[in-house]
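K.L.:
Input: one structure, supplied below.
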Amino acid sequence: MYIRTTSRKNKDGTSVRYIQLAHNERNPKTGQSQAKILYNFGRDDEVNMAALRGLAQSIGRYLGDDPQATDRDSSPIAPLRITRSKSLGGAWLLNELWQKLGIGNAMTKRLTERQFQTPIERILFALVANRALAPSSKLAAEEWVEHDVVIPELPKLDVQQAYRAMDVLLESEESIQHDVFHAVADLLQLEVDLLFFDTTSTYFETEDEDDEFRKLGYSKDHRPDLPQVVIGFAVTRDGIPIRCWVWPGNTSDMSVVPEVKKDLIGWKLGRVISVVDRGFSSEENLRYLQRSGGHYIAGEKLSSGKPTVEAALAHPGRFKTVSDNLEVKDIMIGDGEARKRYVLVRNPDEARRDAARREKHLTALKEELVRLKELNGEAHTKAHCRLHNHTTYKRYLKMDKRGNLRIDLEAVKGMEHLDGKYLLQTSDDTLSAEDVALGYKQLLKVEAAFRTLKQSLDLRPVYHRKEERIRAHVLLCWLALMLVRIIENQTGKTWREVRDSFGRVQLVEYESHDGKVQQRTELTPEHLGIVSALKLTEPQRIWGISLR
């Protein structure tokens, strides 16, 4: 580590020198030694040279270069003191990705026209980072920024400024979402010819409804007794959420499809396919999704008993392998306007797991039947009833004429035929069978994103009551989720793993009589691997030097 100077020539022919703290590192590609700047002190005509000498002497005394030296009190030299430590790694990682993806620039572009005195973009990033790293109320985030974490270029956060920033975010919601999407899509080269849409809900820990927004409705969190709002996401094939919506809590999934399509028209995207699970695939719901040219991919219950489903399952033909552990069979049932397209999907690995689970269940069931002496035709008991109504075992059982339970061999054989399979229906004849199958698997990624939103990012509890603040809160969660999903996709690690790992990177402040130095802790090979996977440059080692 050494002090070096660099020069820059001005247009008028004069030169300006800059003083820097640097050290040499070997370039892993060329093998040549090159200087890495640790800290810029500034112009040499503005640097306090006496203070710089004092710092150098203090470091020398601390290292023992002058054992006879004493401090300014003529007492033995005291060691450097650690005055504080704040978490650096997680916020640094999110901020680097935030800037690399152009999210900061997209926001700044929209906000510069307003000429705000407060750093709105930095405040919004701090709130997004708080969602991803330590979800809390906005008031608690104020303390978090000041005492616990390093937010680049934002030493403090005022809660009233945070609320104002949220209001500004909501005022520019449409344009900011549009700009952020295009910035991210261009850099990551996202495939946006096919988008998938799904909704979730989040409830409020209160029994009071808001007349306009917080309403009772169908709860996907199984809390129909509490008011809620409905949240929708459009996501890419890779599970990146590129757009979000918030509706009143009594909004049905069917009614939001026209609005979603309308909002995305100006984005010049490809098709937006509504992917719905088996609980939504009634004929009425599917017809609604087709209004105005819309399309869907819907899961079907294999045991629904529908004639078309039975015909699809019995349809002849071979499966086609489209990717690892994914086989598909394209099936058309019926003719003309009544024709329906199904895709039967089989996962060989899942088929083996289904068979193993069933064998385990049957072994346990036979042991239970022996214990109850049912195999020997013994009398009816309460235990007999419990077994007959058991959630897992009842599917394997039948009752004979005497009222005794037996293994239903035909039912078992039927289950064997369905091992590892699921059936999909789609209204889009232009989609390949592979896209239909992968599209439905994408629903799992959307649901995983919703779980991340509710668990890792703590969407709930929502501390806001006003509609505009609730909407802004969801926008912050969407931005955090976008960063989290990109990190997970590019590193192959879960966000919890990355967050915990980088949470151990600290910024430590040392102080002596001559000044203060802020230095980060060392990065591990795991940290460097994540930085490399995200194509970032590792953070600087020295973050600040203040001389007295």
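Chain identifiers are assigned as A, B, and so on, following the order in which chains appear in the structure tokens; residues are numbered from 1 within each chain, and ligands are numbered from 1 in order of appearance.
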A:Asn105: which residues within 12 Å, counting only C-alpha atoms, same-chain residues fewer than 4 positions away excluded, as an NGL selection string?
P.N.:
:A and (98-101 or 109-112 or 121-122 or 125 or 176 or 179-180 or 182-184)
K.L.:
The selected residues should be written to file as a CSV table (one decimal), in the first residue's frame (atoms: N, CA and C atoms).
P.N.:
```
chain,number,residue,atom,x,y,z
A,98,TRP,N,-28.5,-2.4,-8.7
A,98,TRP,CA,-29.5,-1.3,-8.9
A,98,TRP,C,-28.9,-0.4,-10.0
A,99,GLN,N,-27.7,0.0,-9.8
A,99,GLN,CA,-27.0,1.0,-10.8
A,99,GLN,C,-26.7,0.3,-12.1
A,100,LYS,N,-26.2,-1.0,-12.0
A,100,LYS,CA,-25.9,-1.7,-13.3
A,100,LYS,C,-27.1,-1.9,-14.2
A,101,LEU,N,-28.2,-2.2,-13.5
A,101,LEU,CA,-29.4,-2.4,-14.3
A,101,LEU,C,-30.1,-1.1,-14.8
A,109,LYS,N,-34.0,10.1,-14.1
A,109,LYS,CA,-34.5,10.8,-15.3
A,109,LYS,C,-35.9,11.3,-15.1
A,110,ARG,N,-36.8,10.5,-14.4
A,110,ARG,CA,-38.1,11.0,-14.1
A,110,ARG,C,-38.2,12.0,-13.0
A,111,LEU,N,-37.2,12.0,-12.1
A,111,LEU,CA,-37.3,12.9,-11.0
A,111,LEU,C,-36.6,14.2,-11.1
A,112,THR,N,-35.6,14.3,-12.1
A,112,THR,CA,-34.9,15.5,-12.2
A,112,THR,C,-35.8,16.7,-12.7
A,121,GLU,N,-34.1,9.5,-5.2
A,121,GLU,CA,-33.7,8.2,-5.7
A,121,GLU,C,-32.9,7.4,-4.6
A,122,ARG,N,-32.1,8.0,-3.8
A,122,ARG,CA,-31.3,7.3,-2.8
A,122,ARG,C,-32.3,6.9,-1.7
A,125,PHE,N,-34.1,3.8,-2.9
A,125,PHE,CA,-33.2,2.6,-2.9
A,125,PHE,C,-33.1,2.1,-1.5
A,176,ILE,N,-42.2,5.0,-14.4
A,176,ILE,CA,-41.0,4.4,-13.8
A,176,ILE,C,-41.0,2.9,-14.0
A,179,ASP,N,-39.9,2.4,-17.6
A,179,ASP,CA,-38.5,2.7,-17.8
A,179,ASP,C,-37.6,1.6,-17.2
A,180,VAL,N,-38.0,1.2,-16.0
A,180,VAL,CA,-37.2,0.2,-15.3
A,180,VAL,C,-37.2,-1.1,-16.1
A,182,HIS,N,-37.6,-1.6,-19.3
A,182,HIS,CA,-36.8,-1.5,-20.5
A,182,HIS,C,-35.3,-1.5,-20.2
A,183,ALA,N,-35.0,-0.8,-19.1
A,183,ALA,CA,-33.5,-0.8,-18.7
A,183,ALA,C,-33.1,-2.2,-18.4
A,184,VAL,N,-33.9,-2.9,-17.6
A,184,VAL,CA,-33.5,-4.3,-17.2
A,184,VAL,C,-33.6,-5.2,-18.3
```
K.L.:
Tell me which protein, DNA and RNA residues are within 12 Å of A:Tyr393, counting only C-alpha atoms, leaving out same-chain ones fewer than 6 positions away, and put them as an NGL selection string.
P.N.:
:A and (357-366 or 368-369 or 384-387 or 405-408 or 411-412)
K.L.:
One number please: atom CA of A:Trp247 to atom CA of A:Arg471, in Å, one decimal.
P.N.:
8.8 Å
K.L.:
Please provide as JSON, numbers by chain all residues within 12 Å of A:Pro155, with the sequence filter that same-chain residues fewer than 2 positions apart are discarded (counting only C-alpha atoms).
P.N.:
{"A": [86, 119, 122, 123, 126, 142, 143, 144, 145, 146, 147, 148, 149, 150, 151, 152, 153, 157, 158]}
K.L.:
Output the selection as a short mmCIF file (atom, residue, chain, number, x, y, z; two decimals), in the first residue's frame - C-alpha atoms for each residue.
P.N.:
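And here's again_12.cif as it stands now:
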```
data_model
loop_
_atom_site.label_atom_id
_atom_site.label_comp_id
_atom_site.auth_asym_id
_atom_site.auth_seq_id
_atom_site.Cartn_x
_atom_site.Cartn_y
_atom_site.Cartn_z
CA LYS A 86 -22.09 -1.18 10.16
CA PRO A 119 -32.17 12.70 -2.70
CA ARG A 122 -31.33 7.34 -2.78
CA ILE A 123 -34.22 7.26 -0.31
CA ALA A 126 -32.82 2.59 0.90
CA GLU A 142 -34.91 5.45 9.73
CA GLU A 143 -32.97 3.91 12.64
CA TRP A 144 -31.71 1.08 10.44
CA VAL A 145 -30.09 3.43 7.92
CA GLU A 146 -28.46 5.62 10.58
CA HIS A 147 -27.09 2.91 12.85
CA ASP A 148 -27.04 -0.51 11.19
CA VAL A 149 -26.30 -0.36 7.48
CA VAL A 150 -24.25 1.53 4.92
CA ILE A 151 -26.48 2.99 2.19
CA PRO A 152 -24.14 4.58 -0.39
CA GLU A 153 -24.54 8.36 -0.47
CA LEU A 157 -33.01 8.77 6.46
CA ASP A 158 -35.85 10.92 7.72
#
```
K.L.:
With only C-alpha atoms as the basis for distance, which of A:Ala140, A:Ala162, A:Ile265, A:Ala129 is at the shortest distance from A:Leu97?
P.N.:
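Counting only C-alpha atoms, the residue closest to A:Leu97 is A:Ala129.
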K.L.:
Return the single residue from A:Val229, A:Arg8, A:Ile331, A:Arg402 that is closest to A:Asp429, with distances computed using only C-alpha atoms.
P.N.:
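With only C-alpha atoms as the atom set, the closest residue is A:Ile331.
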K.L.:
Can you measure atom CA of A:Lys138 to atom CA of A:Ile530 for me? One decimal in Å is fine.
P.N.:
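Answer for the atom CA of A:Lys138 to atom CA of A:Ile530 separation: 29.4 Å.
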K.L.:
Identify which of the residues A:Ile242, A:Ala383, A:Leu409, A:Ala437 lies closest to A:Leu424, counting only C-alpha atoms when measuring atom-to-atom distances.
P.N.:
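Residue with the minimum atom-to-atom distance to A:Leu424: A:Ala437.
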K.L.:
Any idea what's packed within 12 Å of A:Ala356, counting only C-alpha atoms, ignoring anything in its chain fewer than 6 positions away? Could you give it as a tab-separated table (two decimals) with C-alpha atoms, in the first residue's frame?
P.N.:
```
chain	number	residue	atom	x	y	z
A	349	ASP	CA	-38.18	-38.38	-11.90
A	350	GLU	CA	-41.46	-37.28	-10.36
A	362	LEU	CA	-49.53	-48.96	0.98
A	363	THR	CA	-47.01	-50.63	3.30
A	416	GLU	CA	-49.87	-45.93	-11.34
A	419	ASP	CA	-47.47	-41.22	-11.93
A	420	GLY	CA	-45.46	-38.10	-12.71
```
K.L.:
Rounded to one decimal, what separation in Å do you get between atom CA of A:Pro316 and atom CA of A:Val345?
P.N.:
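A separation of 13.9 Å between them.
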